[in-house]
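*Asks:* Got a structure for you, structure21.cif, holding mmCIF, C-alpha atoms.
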data_start
loop_
_atom_site.label_atom_id
_atom_site.label_comp_id
_atom_site.auth_asym_id
_atom_site.auth_seq_id
_atom_site.Cartn_x
_atom_site.Cartn_y
_atom_site.Cartn_z
CA GLY T 1 0.46 -43.75 60.19
CA SER T 2 2.84 -43.12 57.34
CA ALA T 3 2.71 -41.98 53.71
CA GLY T 4 0.13 -43.88 51.66
CA GLN T 5 -1.98 -44.88 54.67
CA PHE T 6 -5.35 -43.79 56.05
CA LEU T 7 -7.05 -44.07 59.42
CA LYS T 8 -9.94 -46.53 59.58
CA THR T 9 -12.33 -47.84 62.21
CA ASP T 10 -13.86 -51.26 62.68
CA GLY T 11 -17.19 -49.74 63.87
CA SER T 12 -16.43 -50.47 67.53
CA LYS T 13 -14.25 -47.40 68.15
CA ASN T 14 -11.07 -49.34 67.32
CA LEU T 15 -8.84 -47.31 65.05
CA SER T 16 -6.01 -48.53 62.84
CA PHE T 17 -4.01 -47.44 59.85
CA ALA T 18 -4.41 -49.18 56.48
CA THR T 19 -2.60 -48.81 53.19
CA VAL T 20 -4.46 -47.14 50.35
CA ALA T 21 -4.98 -49.75 47.63
CA ALA T 22 -4.19 -48.68 44.08
CA PRO T 23 -7.29 -48.70 41.88
CA SER T 24 -7.68 -51.11 38.96
CA GLY T 25 -6.00 -49.76 35.85
CA THR T 26 -3.09 -48.22 37.75
CA LEU T 27 0.23 -48.40 35.92
CA VAL T 28 2.53 -50.80 37.80
CA SER T 29 5.66 -50.95 35.61
CA VAL T 30 7.09 -50.37 32.14
CA ASN T 31 9.70 -52.80 30.79
CA GLU T 32 11.53 -52.42 27.49
CA ASP T 33 14.10 -54.10 25.30
CA SER T 34 15.45 -52.96 21.95
CA THR T 35 18.18 -53.85 19.51
CA THR T 36 19.76 -52.78 16.25
CA SER T 37 21.59 -56.12 15.89
CA GLU T 38 21.07 -57.87 12.57
CA THR T 39 19.99 -61.52 12.51
CA SER T 40 19.29 -63.48 9.34
CA THR T 41 18.17 -66.90 8.19
CA THR T 42 17.86 -68.90 4.99
CA THR T 43 16.28 -71.78 6.93
CA THR T 44 12.64 -72.20 6.03
CA ASN T 45 9.66 -73.27 8.12
CA THR T 46 11.47 -72.61 11.40
CA TRP T 47 10.99 -69.81 13.93
CA THR T 48 14.29 -68.00 14.47
CA ASP T 49 14.92 -66.21 17.77
CA THR T 50 15.96 -62.56 17.79
CA ASP T 51 17.79 -60.83 20.62
CA VAL T 52 14.66 -58.77 21.40
CA SER T 53 13.64 -60.42 24.66
CA LYS T 54 12.50 -59.23 28.08
CA ALA T 55 11.88 -61.20 31.27
CA VAL T 56 9.33 -59.67 33.67
CA THR T 57 7.82 -60.77 36.96
CA PRO T 58 4.17 -59.74 37.44
CA ALA T 59 3.51 -57.89 40.70
CA ALA T 60 0.22 -59.81 41.08
CA ALA T 61 -1.34 -62.76 39.25
CA ALA T 62 -4.43 -60.70 38.38
CA ASN T 63 -2.40 -58.00 36.61
CA LYS T 64 -2.44 -57.62 32.83
CA PHE T 65 0.21 -56.53 30.37
CA LEU T 66 -0.19 -54.30 27.35
CA VAL T 67 2.59 -55.40 25.00
CA PHE T 68 3.75 -53.31 22.02
CA TRP T 69 6.40 -54.41 19.53
CA ASN T 70 7.82 -53.09 16.32
CA CYS T 71 10.61 -54.19 14.00
CA HIS T 72 11.75 -54.11 10.43
CA VAL T 73 12.82 -57.02 8.27
CA ARG T 74 14.24 -57.41 4.80
CA LEU T 75 13.10 -60.28 2.65
CA GLN T 76 15.82 -60.73 0.06
CA LEU T 77 14.89 -62.82 -2.98
CA ASP T 78 17.48 -65.26 -4.35
CA GLY T 79 17.19 -64.17 -7.98
CA SER T 80 15.05 -67.02 -9.32
CA ASP T 81 12.04 -66.22 -7.14
CA VAL T 82 9.77 -63.25 -7.71
CA GLN T 83 7.90 -63.64 -4.44
CA GLY T 84 8.68 -64.14 -0.77
CA PHE T 85 6.68 -64.59 2.40
CA GLY T 86 7.73 -64.19 6.03
CA LYS T 87 6.36 -63.30 9.43
CA VAL T 88 7.34 -62.06 12.88
CA ARG T 89 5.68 -63.14 16.11
CA LEU T 90 5.62 -62.33 19.80
CA ILE T 91 5.86 -65.22 22.25
CA ARG T 92 5.52 -65.41 26.04
CA ASP T 93 7.75 -68.28 27.14
CA SER T 94 6.68 -70.87 24.52
CA THR T 95 3.17 -69.50 23.88
CA ALA T 96 2.62 -67.59 20.63
CA LEU T 97 0.62 -64.40 21.33
CA ASN T 98 0.39 -62.58 17.98
CA GLU T 99 2.14 -62.16 14.65
CA ALA T 100 2.46 -59.92 11.62
CA HIS T 101 2.97 -61.12 8.04
CA MET T 102 4.80 -59.83 4.99
CA ASN T 103 4.53 -60.81 1.34
CA VAL T 104 7.03 -59.44 -1.15
CA VAL T 105 6.19 -59.59 -4.84
CA ASN T 106 8.88 -58.37 -7.19
CA GLY T 107 8.39 -58.29 -10.95
CA GLY T 108 12.15 -58.52 -11.52
CA SER T 109 14.32 -61.53 -10.90
CA GLY T 110 17.61 -59.86 -10.04
CA SER T 111 19.67 -61.38 -7.26
CA GLY T 112 19.23 -59.44 -4.04
CA SER T 113 15.90 -57.90 -4.98
CA GLY T 114 13.26 -57.81 -2.28
CA ALA T 115 11.81 -55.36 0.20
CA ILE T 116 12.27 -53.89 3.66
CA VAL T 117 9.07 -53.95 5.70
CA GLY T 118 8.20 -52.42 9.07
CA LEU T 119 6.00 -54.68 11.19
CA SER T 120 4.30 -54.01 14.52
CA ASN T 121 1.58 -55.35 16.76
CA THR T 122 -0.08 -54.78 20.14
CA ILE T 123 -1.79 -57.23 22.50
CA TRP T 124 -3.29 -57.40 25.99
CA ASP T 125 -1.82 -60.39 27.81
CA HIS T 126 -2.74 -61.96 31.13
CA PRO T 127 -0.03 -64.42 32.21
CA ASN T 128 -1.98 -65.20 35.44
CA THR T 129 1.15 -65.81 37.51
CA THR T 130 3.60 -64.12 39.84
CA SER T 131 6.49 -66.13 38.36
CA GLU T 132 8.86 -64.63 35.82
CA VAL T 133 7.74 -64.78 32.17
CA THR T 134 9.81 -63.94 29.10
CA TYR T 135 8.52 -62.11 26.02
CA LYS T 136 10.49 -62.52 22.80
CA LEU T 137 10.30 -61.72 19.08
CA GLN T 138 10.91 -64.45 16.50
CA PHE T 139 10.85 -64.45 12.69
CA TYR T 140 10.00 -67.07 10.05
CA LEU T 141 10.78 -67.63 6.36
CA ASN T 142 8.22 -69.58 4.32
CA SER T 143 9.44 -72.72 2.52
CA GLN T 144 7.79 -71.86 -0.78
CA GLN T 145 10.69 -69.55 -1.50
CA SER T 146 13.70 -71.74 -0.73
CA GLY T 147 16.94 -69.79 -1.26
CA ASN T 148 15.58 -66.49 -0.06
CA THR T 149 17.00 -64.75 3.00
CA MET T 150 15.04 -63.06 5.77
CA ILE T 151 17.02 -60.42 7.66
CA PHE T 152 15.82 -59.00 10.98
CA ASN T 153 17.13 -55.40 11.45
CA TRP T 154 18.80 -55.27 8.04
CA ASP T 155 21.67 -52.78 8.04
CA ALA T 156 23.51 -52.35 4.75
CA TRP T 157 24.25 -49.97 1.86
CA GLY T 158 24.65 -47.08 4.31
CA PHE T 159 21.09 -47.64 5.55
CA SER T 160 21.07 -47.34 9.33
CA ALA T 161 18.73 -49.83 10.93
CA PRO T 162 16.14 -48.05 13.09
CA GLY T 163 16.09 -51.02 15.42
CA SER T 164 13.38 -53.14 16.94
CA LYS T 165 11.62 -52.58 20.22
CA LEU T 166 9.49 -54.46 22.72
CA THR T 167 7.55 -52.55 25.40
CA ILE T 168 5.64 -54.31 28.19
CA VAL T 169 3.35 -52.18 30.37
CA GLU T 170 1.89 -53.82 33.51
CA PHE T 171 -1.48 -52.65 34.85
CA LYS T 172 -3.12 -53.50 38.17
CA GLN T 173 -6.41 -55.37 37.81
#
Would you mind writing the structure in this file as structure tokens?
*Replies:*
Amino acid sequence: GSAGQFLKTDGSKNLSFATVAAPSGTLVSVNEDSTTSETSTTTTNTWTDTDVSKAVTPAAAANKFLVFWNCHVRLQLDGSDVQGFGKVRLIRDSTALNEAHMNVVNGGSGSGSGAIVGLSNTIWDHPNTTSEVTYKLQFYLNSQQSGNTMIFNWDAWGFSAPGSKLTIVEFKQ
């Protein structure tokens, strides 16, 4: 035999070596992507892609993924609005998996007012395939506040963007 194998019998005195199977719940792989690149939009009611994206190929169709993501966004009000709404979501290929929302209410009406918000989420996902799948973060600006700007990984005024991160952990099932 060799490393990772054991000696077994078929009950009729026939011996052979077999590979030790990993138990369910065993960590298979960890995949990550991160960015500090800034992306912005003034387009409303449209999901905008970010450059936080990771393609992974499941080792087995039964395996599951624990997916963590975090990011920060700035919702900048245009000066006439005192409120803004946006959201960030995780997709696998074209399937939306989860999202986090932000609502900015500002009593002032100065141009450029708004807020920076950290958003994060976690989900168990079961793609049920051995073909490559791609996880990606997208963001969205609500149409009720036309003229506002949503900025993914805002980096200005000497503020250093902490970046956004996507972590995909595969577990044997």
*Asks:* Quick one: residues within 8 Å of Leu66 (chain T), all atoms listed in the file counted, chain neighbours fewer than 4 positions away excluded, as a ChimeraX atom specification?
*Replies:* /T:122-125,168-171
*Asks:* Skip region 83-90 of chain T itself and residues of its chain fewer than 4 positions away, then list as an MDAnalysis selection string all residues within 9 Å of it, counting all atoms listed in the file.
*Replies:* chainID T and resid 47 69 71 73 75:77 95:107 114 119:121 135:145 148 150
*Asks:* Just how far from CA of Asn31 (chain T) is CA of Ala55 (chain T), in Å to one decimal?
*Replies:* 8.7 Å
*Asks:* Please compute the CA of Ser113 (chain T)-CA of Pro162 (chain T) distance, one decimal, in Å.
*Replies:*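 The value is 20.6 Å.
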*Asks:* Please report the interatomic distance between CA of Thr35 (chain T) and CA of Phe65 (chain T) in Å with one decimal.
*Replies:*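 Atom-to-atom, CA of Thr35 (chain T) to CA of Phe65 (chain T), that is 21.2 Å.
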*Asks:* Between T:Gly4, T:Thr130, T:Arg74, T:Trp154, single out the one closest to Ala22 (chain T), counting only C-alpha atoms.
*Replies:*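 Among the listed residues, T:Gly4 lies closest to Ala22 (chain T).
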*Asks:* Could you tell me which of T:Ala115, T:Val133, T:Ala21, T:Leu7 comes closest to Ala61 (chain T) if we count only C-alpha atoms?
*Replies:*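 Among the listed residues, T:Val133 lies closest to Ala61 (chain T).
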*Asks:* Using the chain letters and numbers from this file, what does the PyMOL selection byres ((chain T and resi 166) around 7) select? Give the answer as a tab-separated table (two decimals) with C-alpha atoms, in the coordinates of the input.
*Replies:*
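Writing done, so here's out.tsv:
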chain	number	residue	atom	x	y	z
T	32	GLU	CA	11.53	-52.42	27.49
T	33	ASP	CA	14.10	-54.10	25.30
T	34	SER	CA	15.45	-52.96	21.95
T	52	VAL	CA	14.66	-58.77	21.40
T	68	PHE	CA	3.75	-53.31	22.02
T	69	TRP	CA	6.40	-54.41	19.53
T	70	ASN	CA	7.82	-53.09	16.32
T	165	LYS	CA	11.62	-52.58	20.22
T	167	THR	CA	7.55	-52.55	25.40
T	168	ILE	CA	5.64	-54.31	28.19
*Asks:* Hey, which of T:Thr19, T:Ser37, T:Gln173, T:Asn153 ends up closest to Ala62 (chain T)? Count all atoms listed in the file.
*Replies:*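 Under the stated criterion, the closest residue is T:Gln173.
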*Asks:* May I ask which of the residues T:Thr134, T:Phe17, T:His126, T:Lys64 is the closest one to Arg92 (chain T), counting only C-alpha atoms?
*Replies:*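 When distances to Arg92 (chain T) are compared using only C-alpha atoms, the smallest one comes from T:Thr134.
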*Asks:* List as an MDAnalysis selection string the protein and nucleic acid residues near Ala60 (chain T), meaning an atom at most 8 Å away when all atoms listed in the file are counted, but skip any in the same chain fewer than 3 places from it.
*Replies:* chainID T and resid 63 129:130 172
*Asks:* With distances taken over all atoms listed in the file, which residue among T:Ala59, T:Gly147, T:Thr46, T:Gly25 lies nearest Asp78 (chain T)?
*Replies:*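 Using all atoms listed in the file, Asp78 (chain T) sits closest to T:Gly147.
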*Asks:* Reconstruct all heavy atoms of region 58-69 of chain T; output as a PDB file, keeping the file's coordinate frame.
*Replies:*
ATOM      1  N   PRO T  58       5.388 -60.484  37.077  1.00  0.00           N
ATOM      2  CA  PRO T  58       4.170 -59.740  37.440  1.00  0.00           C
ATOM      3  C   PRO T  58       4.106 -59.465  38.937  1.00  0.00           C
ATOM      4  O   PRO T  58       4.459 -60.319  39.760  1.00  0.00           O
ATOM      5  CB  PRO T  58       3.042 -60.679  37.006  1.00  0.00           C
ATOM      6  CG  PRO T  58       3.654 -61.574  35.968  1.00  0.00           C
ATOM      7  CD  PRO T  58       5.083 -61.746  36.393  1.00  0.00           C
ATOM      8  N   ALA T  59       3.654 -58.261  39.290  1.00  0.00           N
ATOM      9  CA  ALA T  59       3.510 -57.890  40.700  1.00  0.00           C
ATOM     10  C   ALA T  59       2.363 -58.639  41.360  1.00  0.00           C
ATOM     11  O   ALA T  59       2.373 -58.849  42.569  1.00  0.00           O
ATOM     12  CB  ALA T  59       3.296 -56.376  40.818  1.00  0.00           C
ATOM     13  N   ALA T  60       1.357 -59.043  40.573  1.00  0.00           N
ATOM     14  CA  ALA T  60       0.220 -59.810  41.080  1.00  0.00           C
ATOM     15  C   ALA T  60      -0.314 -60.678  39.943  1.00  0.00           C
ATOM     16  O   ALA T  60      -0.262 -60.281  38.772  1.00  0.00           O
ATOM     17  CB  ALA T  60      -0.884 -58.886  41.593  1.00  0.00           C
ATOM     18  N   ALA T  61      -0.843 -61.844  40.273  1.00  0.00           N
ATOM     19  CA  ALA T  61      -1.340 -62.760  39.250  1.00  0.00           C
ATOM     20  C   ALA T  61      -2.510 -62.184  38.461  1.00  0.00           C
ATOM     21  O   ALA T  61      -2.705 -62.516  37.301  1.00  0.00           O
ATOM     22  CB  ALA T  61      -1.752 -64.088  39.891  1.00  0.00           C
ATOM     23  N   ALA T  62      -3.273 -61.294  39.063  1.00  0.00           N
ATOM     24  CA  ALA T  62      -4.430 -60.700  38.380  1.00  0.00           C
ATOM     25  C   ALA T  62      -4.033 -59.619  37.378  1.00  0.00           C
ATOM     26  O   ALA T  62      -4.828 -59.257  36.509  1.00  0.00           O
ATOM     27  CB  ALA T  62      -5.393 -60.111  39.405  1.00  0.00           C
ATOM     28  N   ASN T  63      -2.818 -59.104  37.480  1.00  0.00           N
ATOM     29  CA  ASN T  63      -2.400 -58.000  36.610  1.00  0.00           C
ATOM     30  C   ASN T  63      -2.333 -58.403  35.148  1.00  0.00           C
ATOM     31  O   ASN T  63      -2.128 -59.574  34.826  1.00  0.00           O
ATOM     32  CB  ASN T  63      -1.058 -57.441  37.071  1.00  0.00           C
ATOM     33  CG  ASN T  63      -1.174 -56.681  38.364  1.00  0.00           C
ATOM     34  OD1 ASN T  63      -2.262 -56.500  38.895  1.00  0.00           O
ATOM     35  ND2 ASN T  63      -0.046 -56.237  38.881  1.00  0.00           N
ATOM     36  N   LYS T  64      -2.511 -57.408  34.281  1.00  0.00           N
ATOM     37  CA  LYS T  64      -2.440 -57.620  32.830  1.00  0.00           C
ATOM     38  C   LYS T  64      -1.328 -56.774  32.246  1.00  0.00           C
ATOM     39  O   LYS T  64      -0.936 -55.756  32.800  1.00  0.00           O
ATOM     40  CB  LYS T  64      -3.778 -57.268  32.180  1.00  0.00           C
ATOM     41  CG  LYS T  64      -4.884 -58.221  32.561  1.00  0.00           C
ATOM     42  CD  LYS T  64      -6.152 -57.931  31.787  1.00  0.00           C
ATOM     43  CE  LYS T  64      -7.231 -58.920  32.194  1.00  0.00           C
ATOM     44  NZ  LYS T  64      -8.472 -58.689  31.467  1.00  0.00           N
ATOM     45  N   PHE T  65      -0.844 -57.224  31.086  1.00  0.00           N
ATOM     46  CA  PHE T  65       0.210 -56.530  30.370  1.00  0.00           C
ATOM     47  C   PHE T  65      -0.308 -56.045  29.019  1.00  0.00           C
ATOM     48  O   PHE T  65      -0.990 -56.785  28.313  1.00  0.00           O
ATOM     49  CB  PHE T  65       1.401 -57.448  30.105  1.00  0.00           C
ATOM     50  CG  PHE T  65       2.149 -57.862  31.336  1.00  0.00           C
ATOM     51  CD1 PHE T  65       2.064 -59.146  31.819  1.00  0.00           C
ATOM     52  CD2 PHE T  65       2.951 -56.953  32.006  1.00  0.00           C
ATOM     53  CE1 PHE T  65       2.770 -59.534  32.946  1.00  0.00           C
ATOM     54  CE2 PHE T  65       3.665 -57.327  33.135  1.00  0.00           C
ATOM     55  CZ  PHE T  65       3.559 -58.618  33.602  1.00  0.00           C
ATOM     56  N   LEU T  66       0.029 -54.813  28.683  1.00  0.00           N
ATOM     57  CA  LEU T  66      -0.190 -54.300  27.350  1.00  0.00           C
ATOM     58  C   LEU T  66       1.189 -54.344  26.677  1.00  0.00           C
ATOM     59  O   LEU T  66       2.127 -53.698  27.136  1.00  0.00           O
ATOM     60  CB  LEU T  66      -0.737 -52.871  27.379  1.00  0.00           C
ATOM     61  CG  LEU T  66      -1.080 -52.246  26.035  1.00  0.00           C
ATOM     62  CD1 LEU T  66      -2.090 -53.087  25.265  1.00  0.00           C
ATOM     63  CD2 LEU T  66      -1.618 -50.834  26.235  1.00  0.00           C
ATOM     64  N   VAL T  67       1.292 -55.165  25.625  1.00  0.00           N
ATOM     65  CA  VAL T  67       2.590 -55.400  25.000  1.00  0.00           C
ATOM     66  C   VAL T  67       2.585 -54.806  23.588  1.00  0.00           C
ATOM     67  O   VAL T  67       1.708 -55.123  22.780  1.00  0.00           O
ATOM     68  CB  VAL T  67       2.906 -56.908  24.926  1.00  0.00           C
ATOM     69  CG1 VAL T  67       4.300 -57.142  24.357  1.00  0.00           C
ATOM     70  CG2 VAL T  67       2.759 -57.557  26.302  1.00  0.00           C
ATOM     71  N   PHE T  68       3.556 -53.937  23.326  1.00  0.00           N
ATOM     72  CA  PHE T  68       3.750 -53.310  22.020  1.00  0.00           C
ATOM     73  C   PHE T  68       5.066 -53.824  21.451  1.00  0.00           C
ATOM     74  O   PHE T  68       6.044 -53.914  22.191  1.00  0.00           O
ATOM     75  CB  PHE T  68       3.911 -51.789  22.131  1.00  0.00           C
ATOM     76  CG  PHE T  68       2.818 -51.071  22.840  1.00  0.00           C
ATOM     77  CD1 PHE T  68       2.858 -50.890  24.221  1.00  0.00           C
ATOM     78  CD2 PHE T  68       1.759 -50.536  22.134  1.00  0.00           C
ATOM     79  CE1 PHE T  68       1.869 -50.192  24.879  1.00  0.00           C
ATOM     80  CE2 PHE T  68       0.761 -49.833  22.785  1.00  0.00           C
ATOM     81  CZ  PHE T  68       0.811 -49.674  24.156  1.00  0.00           C
ATOM     82  N   TRP T  69       5.111 -54.107  20.169  1.00  0.00           N
ATOM     83  CA  TRP T  69       6.400 -54.410  19.530  1.00  0.00           C
ATOM     84  C   TRP T  69       6.425 -53.861  18.124  1.00  0.00           C
ATOM     85  O   TRP T  69       5.402 -53.705  17.477  1.00  0.00           O
ATOM     86  CB  TRP T  69       6.710 -55.901  19.554  1.00  0.00           C
ATOM     87  CG  TRP T  69       5.766 -56.810  18.817  1.00  0.00           C
ATOM     88  CD1 TRP T  69       4.682 -57.458  19.343  1.00  0.00           C
ATOM     89  CD2 TRP T  69       5.820 -57.191  17.439  1.00  0.00           C
ATOM     90  NE1 TRP T  69       4.068 -58.212  18.382  1.00  0.00           N
ATOM     91  CE2 TRP T  69       4.745 -58.072  17.194  1.00  0.00           C
ATOM     92  CE3 TRP T  69       6.665 -56.879  16.387  1.00  0.00           C
ATOM     93  CZ2 TRP T  69       4.500 -58.638  15.950  1.00  0.00           C
ATOM     94  CZ3 TRP T  69       6.419 -57.447  15.135  1.00  0.00           C
ATOM     95  CH2 TRP T  69       5.354 -58.318  14.936  1.00  0.00           C
TER      96      TRP T  69
END
